[in-house]
Structures are given as structure tokens and as C-alpha cells.
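See structure below.
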Amino acid sequence: MAGTPVHQRRIMQGTDILIGIDAGTSVIKAVSFDLQGRQLAAASVPNRYTTGPDGSATQNLRQTWEDCAAALRQLGDRIDNLATRTAALSVTAQGDGTWLVGRDGPVSDAWIWLDARAAPTVERLAQGDANRARFEATGTGLNTCQQGSQMAHMDTHAPELLDGAEVALHCKDWLYLNLTGIRATDPSEASFTFGNFRNRQYDDTVIAALGLTHRRNLLPEIVDGSEITHPLTAEAAARTGLRAGTPVSLGYVDMVMTALGAGVYGGAGDVACSTVGSTGVHLRAVAAPDVHLNAEGTGYVICLPIPGIVTQVQTNMAATLNLDWVLGMAAGIMSDMGHSVSHRDLVDHIEGWLAASRPGQIVYHPYISDAGERGPFVNADARAGFVGLAQHHRYPDMLRAVAEGLGMAMRDCYAAMGPLPSELRLTGGAARSRGLRGILSASLNAPVRVSERDEAGAAGAAMMAAVAIGAYPDMEACIGEWVTPLLGEAEAPDPDLVAAYARLFPAFTASRQALPPAWDALASARAAQTPLTRRLT
């Protein structure tokens, strides 16, 4: 596979734009930036996938490419002379999942990261003697999201899918194939699924632990998009409206592209980056030899496009979804009383409710998702709940406890990765609330900085293209211009809140560790319900 190495390239004359493609689970975006990192325009197309009662979550490969091409054409409508001005483009996308391609194209719809059908295979593999060695190499706990788990499940239950494939790709890899004609994957997804984060290569021990040695031929070549690009094909140029031959960079997985664009790396001290939206994603950048692998075997280790640097990652299944739930309860009660309010109306009251309540009085475990929790522990039966309610507590106290639960869960995740960080860079919905930022900051006893970057994932991908074409000598230089100037002033934690949450966290962890038998019993009770019982309740 011949690509163009960075030292042989020059920026094409007259070009002044980089394009980042971020093909997420909800939306496929194409975003343009100038060479100094200023966002110029964005276009998006809703993503489409299908779920089934068997736990399946699938996505049509050809439709995904059509939607990506449509987003690029829309971007061209918003930027004059986009095709001739584009110096390079890069693509990132939703992670994990299995996108099988055969000789004549897609074998079937992709199993995306939401697909849960591999659960029994994950349980079997996790109990195997080789699983710890697999974890030590990848730094990543097994779960149903991953391509390795899904392929192992297919190999047992639907081998015809793998038999008909020539290569197993991820979403961004599939889009890269359509853009360049090259079948490849990147070091991040290759190493946390099938390889070793220390050398960024496939690892035979890992592949054997998954029972997939005989399927190794399906694993594509690994390409680092900050070092190698491939030209946009004439066919892709016709579909996207761009110029044939434009350099295309294969980005890393969207999780670390977003963190890179938001500031997970750069600055003094132990910096971390959290995206606190519907789910919570918590990352810290460390040198590969300094990775802390927890005894539980959970989390991810995902390479950054910086030599020797990786991210440790823990993810909460639900973050601001917990706030949506507690606000929804209030909205429902008011509606029953004939007073309709919007979600926005209630969000505007959060700061007042926080001010009307005392910190650190109630423990709330934010496991509101029907799928349980995955970080820093894995338990599909985990559920949310309050500990410590008393008759004098009112709604503001409960709302504060829910918000503090997000901070405690964040601290739980970072504690599983080693010492708490000295600075937190924050993105997502929680970043917009000063009260929530204060809770998260005090939970970690670390100052918080908020990134002003609107499209951090697309920016992270475009940064790789910027380095690949020689616009910057290395990623550190690119970060200095694209990321650091967009970080807000550091907001120091409130010392009184820090003290309150230092006292609250032991109660949070002690109750969390004691609850699994109760969660198990509740799961059994739910499973024992008859359809009639469910209707009556």
C-alpha cells in the first residue's frame, strides 16, 4: 500500500482549507477550518441505524457513504471554491463495531457499537484464562461494543458473515476506503481491539485470546494518518465535489479525536479531558509506560497521534441523562397538576436549586441507563438510587445529589486510572452550567477549563491532516495554535466544596460496592414479572 510520507509533501499551491469529517452515531458532519484552526463552516446529515428486539443495532454501509458524500457536497455549497482550496481532508467516526467488506462490497449491514448480541460471548471470553493477558496488551476491558467481541460471536453463531468477508473495518475505515480505495485501519482501534498499545501493532496473544487466529487475514493494514495520506480517487471526487488527488488522512477513533481537539494533551501537570453529555467520557493523556491498568480489567487505552502518548479512558453509561430524568420527574408532576413546563424552563432553574441546597448530604449513584454501568466497573444490572434521604430533604436537595453523583462518578473513573488529574478540560452539556462545573471541579479538587471549540472531533481529525501535509512540524505545534488559545481561564475549585466532596466520596464508593446483591435481586424480580404484572404497574 503506497502512501505519501510527510517529509515528501508540500501544501498544494492556492489551498488554505482543511476538512474534518466526523461520522458520529447521530450525525455525520463535514467541517472546514483554515490552516490556523479557525472554523469556517459546517454541514451535517443525520445518521441512520436500525435496532431490533434481539439487541441488534445495525447500519447500512452504502447509505453511510452516501450520507458522508452528501455532507461534503453541502459543505461545498457554503464555501466558495472549496474543491480548489482544500489542502487535505481527514475522517474520524464512531468507534468499535464491525463493518465487513467482501470482494464485491459490503457483506451485510454493519454491527455498530450499540449492538448487544455479543453479550454471551463476552461473558465466556472474560472468564477465560487468556483474558488477563489480552487486557495487559490492549489495556481495554472486553465489552459488546468491540469488533473483537462481535467477530468472536459471529465466528460461533454466524460464520457465513466472516466467510464472505475479505476485510473487517470500522466506520471511519469504510469511509476511508470509499474516499481513497485503500483498505486500512488506524493505530488506535487496531491496538485497543487486537493489539498492544505500547507498539501500536497487532498482537498474536490478543487475537488468540479472542479465538480469532484463523480469522487474522481479515485484519487490515495499520496506517497512521498523521504520517501517511492517500489521494482522493476520481470516483470519490465526483461524489463529493472535491478535487481528485486531494490528500486524505485516516483519523484515529472519534473519542480521542474529540479529546485532542478539546485539549487532552498540552500544558503543565497531569491534564485530563471529560466530555459530560448524555454519556460521560473521561480521558487522560499519559506516556505508554506510565499507564495504570486496574485490577478489574475495565476501561480503554487508546493511542493518540503523538509518538509514545496514549489516553487512558473510562466511560459512564449515563451522565446528563440523570439530570434529564430528575428534571423530567418535576415536569411530569407539574403537568399532572395542570402546569405545563418545558425542559428548557427547568434547566434555567438548576442554578437556583443548587444554591438552595447544602452540598454533600445525599449519595446518588448515576446508573440511570437500562444498560447498567461500564465504568469504572461493568454491571449490566446496576441501577441509579439515593442513599441518605431524610424527611427534611426537598427537591433542590435531590437535584443537587444527582449533580453531585456525576462528580462522584467522574472521580470514581479517574481514580481507577491512577492519581487524580491536576487540571480538567471540560466539554459537553455540563460545561455550560457554572454550578455543574463547580461541582465537577470540586469533586476532583482540580481547576476546570472549558474549550470554546464547537466541533472538537472534526477539529482533531483535521489536526492530523494538518501535520500530515506539513502545515505543522508535529502535533505539539499544531496543538499550540489549534487548541490552547481556545481554552478558557482556569476556574479554581471552591475549598468548602472540595472538603464536602472529600467526605462524600467514601460514602459513594462504599455504598456502590455494597449494592450489587441488591441490583441482582432487583434484576431477578424484574425478570420474574408476568406481562399482566407489568401492565398493572
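Every chain in the C-alpha cells has a letter given in the order shown (A, B, ...), and although residue numbers restart at 1 in each chain, ligands are simply numbered from 1 in the order shown.
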**Study point:** Contacts of A:Ala288 within 10 Å, only C-alpha atoms, excl. fewer than 3 positions in-chain, as a list in words
**Key:** Phe197, Arg198, Asn199, Ala285, Val291, His292, Val301, Ile302, Cys303, Pro307, Gly308, Ile309, Val310, Thr311 and Gln312 of chain A
Exercise for review: Pick out each residue of stretch 231-301 of chain A that DSSP on the backbone tags as helix (DSSP H, G or I); I need them as a PyMOL selection string.
Suggested key: chain A and resi 234-240+254-262+288-290
Counting only C-alpha atoms, what are the residues of stretch 197-221 of chain A within 8 Å of stretch 133-148 of chain A, and for each of them which pair of atoms is the nearest and at what distance in Å, to one decimal? Sort the table by chain and rising number, as CSV.
```
residue,atom,partner,partner_atom,distance
A:Phe197,CA,A:Thr138,CA,5.8
A:Arg198,CA,A:Ala137,CA,7.9
A:Asp203,CA,A:Ala137,CA,7.7
A:Thr205,CA,A:Arg134,CA,6.7
A:Val206,CA,A:Arg134,CA,4.7
A:Ala209,CA,A:Arg134,CA,6.3
A:Leu210,CA,A:Gly148,CA,6.6
```
Could those residues be written to a file, using N, CA and C atoms, as a PDB file, in the first residue's frame?
```pdb
ATOM      1  N   PHE A 197      -0.914  -1.497  22.915  1.00  0.00           N
ATOM      2  CA  PHE A 197      -0.828  -0.038  22.862  1.00  0.00           C
ATOM      3  C   PHE A 197       0.615   0.451  22.940  1.00  0.00           C
ATOM      4  N   ARG A 198       1.533  -0.403  23.348  1.00  0.00           N
ATOM      5  CA  ARG A 198       2.930   0.014  23.504  1.00  0.00           C
ATOM      6  C   ARG A 198       3.636   0.115  22.155  1.00  0.00           C
ATOM      7  N   ASP A 203      -1.340  -7.986  17.972  1.00  0.00           N
ATOM      8  CA  ASP A 203      -0.683  -8.860  18.943  1.00  0.00           C
ATOM      9  C   ASP A 203      -1.301 -10.249  18.836  1.00  0.00           C
ATOM     10  N   THR A 205      -1.121 -12.760  20.781  1.00  0.00           N
ATOM     11  CA  THR A 205      -1.709 -13.242  22.035  1.00  0.00           C
ATOM     12  C   THR A 205      -3.141 -12.741  22.182  1.00  0.00           C
ATOM     13  N   VAL A 206      -3.376 -11.497  21.817  1.00  0.00           N
ATOM     14  CA  VAL A 206      -4.714 -10.912  21.903  1.00  0.00           C
ATOM     15  C   VAL A 206      -5.658 -11.601  20.925  1.00  0.00           C
ATOM     16  N   ALA A 209      -6.557 -14.950  22.203  1.00  0.00           N
ATOM     17  CA  ALA A 209      -7.461 -14.890  23.357  1.00  0.00           C
ATOM     18  C   ALA A 209      -8.904 -14.690  22.929  1.00  0.00           C
ATOM     19  N   LEU A 210      -9.093 -14.046  21.788  1.00  0.00           N
ATOM     20  CA  LEU A 210     -10.436 -13.846  21.246  1.00  0.00           C
ATOM     21  C   LEU A 210     -10.898 -15.036  20.403  1.00  0.00           C
TER      22      LEU A 210
END
```
**Study point:** Shell around A:Val27 at 7 Å using only C-alpha atoms, local window under 3 positions removed, as a ChimeraX atom specification
**Key:** /A:23-24,44-47
Point to revise | Contacts of A:Asp254 at 7 Å (only C-alpha atoms; same-chain gap of 6+ positions) as a ChimeraX atom specification | key: /A:92-95,457
Give me a file of those residues, with N, CA and C atoms, as a CSV table (one decimal), in the first residue's frame.
```
chain,number,residue,atom,x,y,z
A,92,THR,N,-12.8,10.8,10.9
A,92,THR,CA,-13.0,10.1,12.1
A,92,THR,C,-14.4,9.6,12.1
A,93,ALA,N,-14.7,8.8,13.1
A,93,ALA,CA,-16.1,8.2,13.1
A,93,ALA,C,-16.3,7.5,14.4
A,94,GLN,N,-17.6,7.1,14.7
A,94,GLN,CA,-18.0,6.3,15.8
A,94,GLN,C,-17.0,5.1,15.9
A,95,GLY,N,-16.7,4.7,17.1
A,95,GLY,CA,-15.7,3.7,17.3
A,95,GLY,C,-16.4,2.3,17.4
A,457,GLY,N,-14.3,17.0,17.5
A,457,GLY,CA,-14.0,15.7,16.9
A,457,GLY,C,-13.5,16.0,15.5
```
Restrict the calculation to only C-alpha atoms, then for each residue of stretch 191-293 of chain A with any atom at most 12 Å from an atom of stretch 322-343 of chain A give the closest atom pair and their distance in Å to one decimal, rows by chain and rising residue number, as a Markdown table.
```
| residue | atom | partner | partner_atom | distance |
| --- | --- | --- | --- | --- |
| A:Val276 | CA | A:Asn322 | CA | 11.3 |
| A:Gly277 | CA | A:Asn322 | CA | 10.3 |
| A:Ser278 | CA | A:Asn322 | CA | 8.4 |
| A:Thr279 | CA | A:Asn322 | CA | 9.5 |
| A:Gly280 | CA | A:Asn322 | CA | 11.0 |
```
Proximity check stretch 240-296 of chain A to stretch 80-83 of chain A, 8 Å, nearest pairs one decimal Å, only C-alpha atoms, as JSON lines:
```
{"residue": "A:Gly241", "atom": "CA", "partner": "A:Ala83", "partner_atom": "CA", "distance": 6.6}
{"residue": "A:Leu242", "atom": "CA", "partner": "A:Ala83", "partner_atom": "CA", "distance": 4.3}
{"residue": "A:Arg243", "atom": "CA", "partner": "A:Ala83", "partner_atom": "CA", "distance": 5.2}
```
Kindly export the residues of the current selection with C-alpha atoms, as a CSV table (one decimal), in the first residue's frame.
```
chain,number,residue,atom,x,y,z
A,241,GLY,CA,-17.5,17.7,-5.3
A,242,LEU,CA,-13.8,17.8,-4.2
A,243,ARG,CA,-10.7,17.6,-6.3
```
Check your understanding: Can you tell me, as an MDAnalysis selection string, what residues are no more than 10 Å from A:Ala401 when counting only C-alpha atoms, ignoring any on the same chain fewer than 6 positions away?
Key -> chainID A and resid 354 357:366 386:387 389 395 407:408
Practice item. Grab the atom CA of A:Glu351 to atom CA of A:Leu444 distance for me, in Å with one decimal place. Key: 20.2 Å
Point to revise | Atomic separation - atom CA of A:Asp370 relative to atom CA of A:Ala521, Å | key: 15.5 Å
**Study point:** Selection: 7 Å around stretch 186-190 of chain A, only C-alpha atoms, excl. self and same-chain fewer than 4 positions, as number ranges by chain
**Key:** A: 194-195, 200, 202, 222-224, 250-253, 302-303
